[in-house]
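Novice: Can you keep this structure in mind? I'll have questions shortly.
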Amino acid sequence: TVFTQPPLLIDLLTSVWVVFIFITLFGLLPLIAFPQVSLPSLSSRVVGAFVRTVSTIAIGSILWTKLGLFTWLTAVIVYLTGLIIGWMASYQWEFKAKFTQVMQQIAIATIDIFDRGLSLDQFVQWLLLPWKFGSRLIQTRFDIQQWSPPIVLLAAVSTISIVGFTILLRFEHPLNEFRFSHPDTYGQLLITQKILARESPEVGYLPIFSSLAAFLSALTGTHPMQAINLLGAILGTILVLSIGYTVRCLTKNGSAALIATYSLGAYLFTFNLPISNRLPLTMQQWLFNLQDNLNSGLIRSWAVSDLEVGAIFAILALGCSTHIARHQQRVEATINTICCILLMVTIAPSLLIPILFASFGMIFGRQMALFTLSTAWVMLGCLVAVPDSNFPLLKGMFATLPIGLSLLVSLIFVAISAMGRLFLANWSAPICLMIFIAITLNFSLPSSPQITYLEYDAAARKTVEISRLFSHHQWTVVAPIEQLSQVYGRGWYQDLAQFTAKYKDRVAVPTFNFPSETPLLVFAEKRPFNADKLETPVAYSVLQDLTYRHYRSPSGRTKLSQDTIQLCETYRQHHADTRIYYEDDRLLIYQFS
């Protein structure tokens, strides 16, 4: 079967396909539909097109979900409707003349092709149009001819380092592991499956991330588990780029934008320093909470959730608002800023607090806005780490503390490079940038993340394979709780612990048959997952939790695995139609007709 071994090539092709569709749907097509000609910056137009598209898809998907009508067709209708309305509004509703012009150009080009034929030279010229456009844009925006070779080399090295580390840290896990690396992602998957199953998820917020994942899964044909993994990596990359965009808008300093982007893209905030016992107990606990949060933030940089999506729009709202002061750009910039704020408040309203600080600082200048934003984000985030503190509104800033730190790093860089101008003149920023990258490459690269997996990678792959090979709702998976979100809306699910406890004493009777109308696929672990993990003391309330007792406790999971294999083997002795669906050195899947 396809998923017997980790298919790196298949995962790579799927990733390329999903990324290509995402860039097309959220970048290229919206950029045509929302031209925003009043904004001179291409990056600002891309940001505006992106936030407007996300607003359209999120609102439309949630509306169709509430009505129980979400399908790939309605998703396409919502998307195209948003683009068409945006395109007509961009031309002040005088779309008839524009549409006629476009159709005339297409008709003339088509007649010309049929009349003279399509030559190879003309075809090659069409293929080179994007390259020519990019070259012209770079020459216009950056005027490379006036740059000295050292500056060009430094800019190239910096850009390659930033892009390389950003992509590596965020796409390495989705390509190597099919399972999720963060426990909260299984909840996101369940919400996505409910949306695809035309059910309204009962959550206390609007699930923007899950709506985007359902939209991407429906249009690309990938399993929601793959869509969520890749969407998290894509949005993690967009978050890094958003930091650079906003810092560039606030400081007008390209080197500071590179520093902020590099800090978050390479994730320079992991550390495992020993905490001295001589410190007060409260200080030790505070440092431990801070260190643990920053280290776990490395995982959240690719396992993105709604909170990180809210942070993207919080950052972009500030960047878009810097263009409102200019009269010609005011309308477009205001629309983009409002879309960002609405999405941010919908997803993570707590992030409105640092934005209010930044708005106050904006009265005294853009760099003061960066100062108030970064310091407020860091200080309020660190306040949550204080033991026994109760600040529920600030938990979002604590979880996204690396964003505040990257902003603070760029602010410090601006101050240092400004002082360096006294001695280095215009070379201050490039030299400081080079020194910073050199030091961090040697001493501050992120350590290996301490990922807490909840299942074997093969278990996730085989569950997805079963959902593809078997007809919908014509099979039942009997497995740990993680498989519930993976099969929801596609097949039936039974809890493995309850199944084993119910039938382990009854399978010894030769005439006994499982009372199921569909084939059963029972997941049994030959080597219990996390069986080698030592038992740690936990609270009594945790011990009472059935999920912990059967699946998180090493001793409980070991006993459950033994009982499951014994049950399946006993049943197998009396039923010749039983077969082994999958087996390796860790996992065993029985199929009972």
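Simple scheme: letters A, B, ... for chains in structure tokens order, numbers from 1 for residues in each chain, numbers from 1 for ligands in the order shown.
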Please, which residues of range 351-519 of chain A, numbered as in this document, come out helix (DSSP H, G or I) from DSSP, as a ChimeraX atom specification?
Specialist: /A:351-362,366-384,392-399,401-443,457-469,482-487,496-503
Novice: Taking only residues of range 482-534 of chain A that have an atom at most 12 Å from an atom of range 218-227 of chain A, what is each one's shortest atom pair and its distance in Å to one decimal, using only C-alpha atoms, in chain and number order, as a Markdown table?
Specialist:
| residue | atom | partner | partner_atom | distance |
| --- | --- | --- | --- | --- |
| A:Glu482 | CA | A:Met225 | CA | 11.7 |
| A:Gln483 | CA | A:Met225 | CA | 11.1 |
| A:Ser485 | CA | A:Met225 | CA | 9.2 |
| A:Gln486 | CA | A:Met225 | CA | 7.1 |
| A:Val487 | CA | A:Met225 | CA | 10.2 |
| A:Tyr488 | CA | A:Pro224 | CA | 10.6 |
| A:Gly489 | CA | A:Pro224 | CA | 11.3 |
| A:Arg490 | CA | A:His223 | CA | 10.7 |
Novice: Would you pick out the contacts of Val522 in chain A at 8 Å or less, using only C-alpha atoms, so that residues sharing its chain but fewer than 6 positions from it are not included, and give the list as a list of chain:residue names?
Specialist: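 Non-adjacent residues within range: A:Val477, A:Val478, A:Ala479, A:Leu496, A:Ile589, A:Tyr590, A:Gln591.
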Novice: I'd like the interatomic distance between CA of Leu189 in chain A and CA of Gly236 in chain A, to a tenth of an Å.
Specialist: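 One can read the CA of Leu189 in chain A to CA of Gly236 in chain A distance as 17.4 Å.
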Novice: At what distance in Å, to one decimal, does CA of Glu465 in chain A lie from CA of Gln562 in chain A?
Specialist: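 Spanning CA of Gln562 in chain A to CA of Glu465 in chain A is a straight-line distance of 25.1 Å.
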Novice: Go through A:Thr558, A:Thr53, A:Ser448, A:Thr270 one by one, measure the shortest atom-to-atom distance of each to Leu405 in chain A using only C-alpha atoms, and give the residue with the smallest value.
Specialist: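 Of the candidates, the smallest distance to Leu405 in chain A is held by A:Thr270.
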Novice: Mind the document's chain letters and residue numbers, and return as a ChimeraX atom specification the residues of range 272-513 of chain A that DSSP labels strand (DSSP E or B).
Specialist: /A:476-479,492-495
Novice: For Ser321 in chain A, find every residue with an atom within 9 Å (counting only C-alpha atoms), except residues of its own chain fewer than 5 positions away, and show them as a list in words.
Specialist: Leu316, Arg330, Ala333, Thr334, Asn336 and Thr337 of chain A
Novice: Do a neighbour search on range 372-386 of chain A at 7 Å with only C-alpha atoms, toss out local chain neighbours closer than 3 positions, and write the hits as JSON, numbers by chain.
Specialist: {"A": [286, 289, 290, 354, 355, 357, 358, 361, 368, 369, 389, 391, 394, 395, 397, 398, 401, 404, 405, 407, 408]}
Novice: Nearest residue to Ser200 in chain A out of A:Ile62, A:Val37, A:Ala214, A:Ala89, using only C-alpha atoms?
Specialist: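 Of A:Ile62, A:Val37, A:Ala214, A:Ala89, the one nearest Ser200 in chain A is A:Ile62, counting only C-alpha atoms.
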Novice: Considering only C-alpha atoms, return as number ranges by chain whatever protein or nucleic-acid residues lie within 10 Å of Ile315 in chain A, sequence-local ones (same chain, fewer than 5 positions apart) excluded.
Specialist: A: 239, 242-247, 310, 320, 340-341, 344, 351, 354-355, 373, 403
Novice: Create the file for the chosen residues now, containing N, CA, C and O atoms and written as a PDB file, in the first residue's frame.
Specialist:
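Here's the written file out.pdb:
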ATOM      1  N   LEU A 239       3.482  34.697   9.010  1.00  0.00           N
ATOM      2  CA  LEU A 239       3.679  35.459  10.238  1.00  0.00           C
ATOM      3  C   LEU A 239       5.073  36.090  10.273  1.00  0.00           C
ATOM      4  O   LEU A 239       5.241  37.254  10.668  1.00  0.00           O
ATOM      5  N   SER A 242       5.110  38.922   7.878  1.00  0.00           N
ATOM      6  CA  SER A 242       4.305  40.038   8.396  1.00  0.00           C
ATOM      7  C   SER A 242       5.106  40.886   9.369  1.00  0.00           C
ATOM      8  O   SER A 242       4.978  42.126   9.387  1.00  0.00           O
ATOM      9  N   ILE A 243       5.933  40.240  10.181  1.00  0.00           N
ATOM     10  CA  ILE A 243       6.786  40.978  11.110  1.00  0.00           C
ATOM     11  C   ILE A 243       7.720  41.916  10.341  1.00  0.00           C
ATOM     12  O   ILE A 243       7.867  43.102  10.669  1.00  0.00           O
ATOM     13  N   GLY A 244       8.359  41.381   9.304  1.00  0.00           N
ATOM     14  CA  GLY A 244       9.262  42.210   8.513  1.00  0.00           C
ATOM     15  C   GLY A 244       8.537  43.352   7.828  1.00  0.00           C
ATOM     16  O   GLY A 244       9.048  44.484   7.761  1.00  0.00           O
ATOM     17  N   TYR A 245       7.342  43.089   7.308  1.00  0.00           N
ATOM     18  CA  TYR A 245       6.574  44.131   6.623  1.00  0.00           C
ATOM     19  C   TYR A 245       6.219  45.273   7.568  1.00  0.00           C
ATOM     20  O   TYR A 245       6.399  46.453   7.244  1.00  0.00           O
ATOM     21  N   THR A 246       5.736  44.945   8.752  1.00  0.00           N
ATOM     22  CA  THR A 246       5.315  45.981   9.694  1.00  0.00           C
ATOM     23  C   THR A 246       6.502  46.770  10.229  1.00  0.00           C
ATOM     24  O   THR A 246       6.428  48.003  10.366  1.00  0.00           O
ATOM     25  N   VAL A 247       7.593  46.092  10.541  1.00  0.00           N
ATOM     26  CA  VAL A 247       8.786  46.801  11.009  1.00  0.00           C
ATOM     27  C   VAL A 247       9.305  47.741   9.916  1.00  0.00           C
ATOM     28  O   VAL A 247       9.733  48.865  10.197  1.00  0.00           O
ATOM     29  N   GLY A 310      -4.527  35.128  14.587  1.00  0.00           N
ATOM     30  CA  GLY A 310      -4.894  36.433  15.116  1.00  0.00           C
ATOM     31  C   GLY A 310      -3.696  37.354  15.232  1.00  0.00           C
ATOM     32  O   GLY A 310      -3.802  38.568  14.988  1.00  0.00           O
ATOM     33  N   CYS A 320      -0.615  48.174   7.977  1.00  0.00           N
ATOM     34  CA  CYS A 320      -1.533  48.808   7.020  1.00  0.00           C
ATOM     35  C   CYS A 320      -1.943  50.206   7.466  1.00  0.00           C
ATOM     36  O   CYS A 320      -2.166  51.095   6.634  1.00  0.00           O
ATOM     37  N   CYS A 340      -8.197  43.668   8.909  1.00  0.00           N
ATOM     38  CA  CYS A 340      -7.252  43.055   9.851  1.00  0.00           C
ATOM     39  C   CYS A 340      -7.775  43.115  11.279  1.00  0.00           C
ATOM     40  O   CYS A 340      -7.712  42.125  12.021  1.00  0.00           O
ATOM     41  N   ILE A 341      -8.302  44.277  11.667  1.00  0.00           N
ATOM     42  CA  ILE A 341      -8.782  44.430  13.044  1.00  0.00           C
ATOM     43  C   ILE A 341      -9.989  43.532  13.297  1.00  0.00           C
ATOM     44  O   ILE A 341     -10.090  42.893  14.370  1.00  0.00           O
ATOM     45  N   MET A 344      -8.743  40.025  13.683  1.00  0.00           N
ATOM     46  CA  MET A 344      -8.015  39.873  14.944  1.00  0.00           C
ATOM     47  C   MET A 344      -8.974  39.801  16.129  1.00  0.00           C
ATOM     48  O   MET A 344      -8.842  38.939  17.004  1.00  0.00           O
ATOM     49  N   LEU A 351      -5.303  40.255  21.833  1.00  0.00           N
ATOM     50  CA  LEU A 351      -4.194  40.912  21.132  1.00  0.00           C
ATOM     51  C   LEU A 351      -4.519  42.359  20.803  1.00  0.00           C
ATOM     52  O   LEU A 351      -3.644  43.082  20.292  1.00  0.00           O
ATOM     53  N   PRO A 354      -1.963  45.079  22.997  1.00  0.00           N
ATOM     54  CA  PRO A 354      -0.723  45.691  22.495  1.00  0.00           C
ATOM     55  C   PRO A 354      -0.963  46.628  21.315  1.00  0.00           C
ATOM     56  O   PRO A 354      -0.205  47.595  21.127  1.00  0.00           O
ATOM     57  N   ILE A 355      -1.998  46.384  20.522  1.00  0.00           N
ATOM     58  CA  ILE A 355      -2.297  47.278  19.413  1.00  0.00           C
ATOM     59  C   ILE A 355      -2.734  48.642  19.938  1.00  0.00           C
ATOM     60  O   ILE A 355      -2.400  49.691  19.352  1.00  0.00           O
ATOM     61  N   LEU A 373       4.696  49.052  21.237  1.00  0.00           N
ATOM     62  CA  LEU A 373       4.180  47.735  20.871  1.00  0.00           C
ATOM     63  C   LEU A 373       5.070  46.625  21.410  1.00  0.00           C
ATOM     64  O   LEU A 373       4.581  45.680  22.052  1.00  0.00           O
ATOM     65  N   ILE A 403       6.906  36.748  19.226  1.00  0.00           N
ATOM     66  CA  ILE A 403       6.618  37.860  18.312  1.00  0.00           C
ATOM     67  C   ILE A 403       7.049  39.170  18.942  1.00  0.00           C
ATOM     68  O   ILE A 403       7.707  40.008  18.300  1.00  0.00           O
TER      69      ILE A 403
END
Novice: Could you check which of A:Ala314, A:Leu484, A:Ala415, A:Leu588 is closest to Ala524 in chain A, using only C-alpha atoms?
Specialist: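 Among A:Ala314, A:Leu484, A:Ala415, A:Leu588, it is A:Leu588 that comes nearest to Ala524 in chain A.
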Novice: Smallest atom-to-atom distance to Val46 in chain A: which of A:Leu241, A:Leu169, A:Val78, A:Asn295, using only C-alpha atoms?
Specialist: A:Leu241
Novice: For each of A:Arg421, A:His473, A:Arg586, A:Lys502, take the minimum atom-to-atom distance to Ser561 in chain A, counting only C-alpha atoms, then give the residue where this is smallest.
Specialist: A:Arg586
Novice: When distances are computed from only C-alpha atoms, which of A:Ser41, A:Ser516, A:Ser255, A:Asn229 shows the smallest separation from Ile416 in chain A?
Specialist: A:Ser255
